[in-house]
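Everything below concerns the one structure shown next.
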Amino acid sequence: MTDVVRDPRALREYIEMAHRNRFSLGFVATMGALHEGHLSLVRRSVRENDRTIVSVYVNPLQFGVALDLERYQRVLEDDVALCSAARTDVVFAPSVRDMQPPGRATLVTLSGITDDFEGVHRPGHFDGVATIVATLFNLVRPHRAYFGQKDFQQAVVVRRMARDLQMPVDVVVCPIVRDADGLALSSRNAFLSDADRAEALRLPRALVAAERALLEDDASPAAVRALLADAMSSERDDVEMEYGDLVHPETLAPIHRLDGHGVLLGLLRVGSVRLLDNRVVASPGTPAWGD
Ligand code: AMP
């Protein structure tokens, strides 16, 4: 049975009890509208921990649009049912008021790794993410927290924040879950028409082609960047690659020679929908990423 907890004080009581019982705690932070990508994180947490807490928190300010509360409530019911089927112990669905008390004076800001990519295209985004994730980590005090590789820069930011602030949590990064056609699952995919979706597939295909060029044809990183731009170019004016790059998986600095791991990062905008994807690549003889 999954408990739905809205009040942070009630969550604290649950967490105190769990720590007293020496339960290992797994945590998955989400914005709701759960799909198989989210559920892969939840299932892994359930496998690896005594108790799993899933947060569902949508910050309306982050989107700049008023949320239809009725619709949100319906989606939350579906999310709770999915979490329950995956044997989640607690769904934590706090109110905006509880998470963003008026007059908040503290922000968690990271430098360097937030300067490029999503940091450029969504100014302030990672301050919001790091601040909310830090707040949630303080409330939940998890032993392990599960994040998706799909939002690669976000996973790097959260991992670095936890390391820099010596938070006692192991940040686990889980593989990207894709649809059969190769498109990474995302709640944003629902906004794509059939024609849009055909355009969207340029992104995963470009990343696969780039990986092959790097590893099989020994292409230089510069040639790989050109290949990404070319593979994502479209005749449609409203389809645009916002970025496509080969970077170091921890510093996110551009790689000029692949020696060890790299990550191919891509963002393709189709109409108003921004689609993220990436592939981790490794030079021959390098152990699998994450090992
Ligand atoms: P969101 O609700 O979009 O904030 O996502 C919550 C978590 O689910 C984040 O850690 C995401 O990276 C992860 N996630 C979203 N989509 C996928 C996917 N297709 N595969 C794996 N993880 C995902």
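Within each chain, counting starts at residue 1; across the structure tokens, chains are named A, B, ... in the order shown, with ligands numbered 1 upward in that order.
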Practice problem: List all protein, DNA and RNA residues that have any atom at most 6 Å from ligand 1, counting only C-alpha atoms and all ligand atoms, and write the list as a PyMOL selection string. | Solution: chain A and resi 29-32+37-38+147-151+175-178+184-186
Quiz item: Just asking: which residues within region 14-238 of chain A are alpha helix (DSSP H) according to DSSP, as a PyMOL selection string?
Solution: chain A and resi 14-20+36-48+60-63+69-85+96-99+118-121+125-140+152-164+194-200+202-215+221-231
Exercise. Work out how far apart CA of Tyr146 (chain A) and CA of Ser272 (chain A) are and give it in Å to one decimal.
Key: 28.5 Å
Exercise. Step one, run DSSP on the backbone; step two, keep only residues of region 20-241 of chain A assigned to strand (DSSP E or B); then write them as a PyMOL selection string.
Key: chain A and resi 25-30+51-56+90-92+144-148+170-174+178+184+239-241
Write out as a tab-separated table the residues of region 173-234 of chain A that have any atom within 9 Å of an atom of region 250-256 of chain A, one row each with the nearest atom pair and its distance in Å to one decimal, counting only C-alpha atoms, sorted by chain and then rising number.
```
residue	atom	partner	partner_atom	distance
A:Ser220	CA	A:His256	CA	7.8
A:Pro221	CA	A:His256	CA	5.8
A:Ala222	CA	A:His256	CA	7.4
```
Quiz item: Which residues, written as a PyMOL selection string, have at least one atom at most 12 Å from Asp218 (chain A), with only C-alpha atoms counted and residues fewer than 4 positions away on the same chain left out?
Solution: chain A and resi 210-214+222-224+257-258+283-284
Practice problem: Take CA of Val90 (chain A) and CA of His35 (chain A) and report the distance between them in Å, one decimal. | Solution: 17.6 Å
What are the closest atom pairs, with distances in Å to one decimal, for each residue of region 89-134 of chain A lying within 9 Å of region 73-83 of chain A, using only C-alpha atoms, rows by chain and rising residue number, as a tab-separated table?
```
residue	atom	partner	partner_atom	distance
A:Asp89	CA	A:Cys83	CA	8.3
A:Val90	CA	A:Cys83	CA	8.5
A:Val91	CA	A:Val80	CA	6.8
A:Ala93	CA	A:Leu76	CA	8.5
```
Quiz prompt | Among listed residues A:Glu235, A:Glu242, A:Asp164, A:Asp277, nearest Leu201 (chain A) (using only C-alpha atoms) | solution =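 Looking only at the distances to Leu201 (chain A), the closest residue turns out to be A:Asp277.
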Quiz item: Between A:Glu36, A:Leu107, A:Ser55, A:Leu276, which has the minimum distance to Gln154 (chain A) (counting only C-alpha atoms)?
Solution: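 The answer is A:Leu276, which sits nearest to Gln154 (chain A).
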Quiz item: Smallest atom-to-atom distance to Ala145 (chain A): which of A:Glu240, A:Asp127, A:Glu48, A:Asp7, using only C-alpha atoms?
Solution: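 Using only C-alpha atoms, the shortest distance to Ala145 (chain A) belongs to A:Glu48.
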Self-check item: Distance in Å - CA of Ile132 (chain A) versus CA of Val28 (chain A)
Solution: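 Calculated distance between CA of Ile132 (chain A) and CA of Val28 (chain A) is 12.9 Å.
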Quiz item: Quick one: of A:Leu265, A:Ala180, A:Leu25, A:Ile113, who's nearest to Ser45 (chain A), counting only C-alpha atoms?
Solution: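 Answer, going by the shortest atom-to-atom distance: A:Leu25.
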Quiz item: Which one of A:His261, A:Arg87, A:Arg160, A:Arg188 sits closest to Thr109 (chain A) if you count only C-alpha atoms?
Solution: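 Nearest to Thr109 (chain A): A:Arg160.
Shortest separation to Cys174 (chain A) among A:Leu41, A:Leu136, A:Tyr14, A:Ala226 occurs at residue A:Leu41, atoms counted being only C-alpha atoms.
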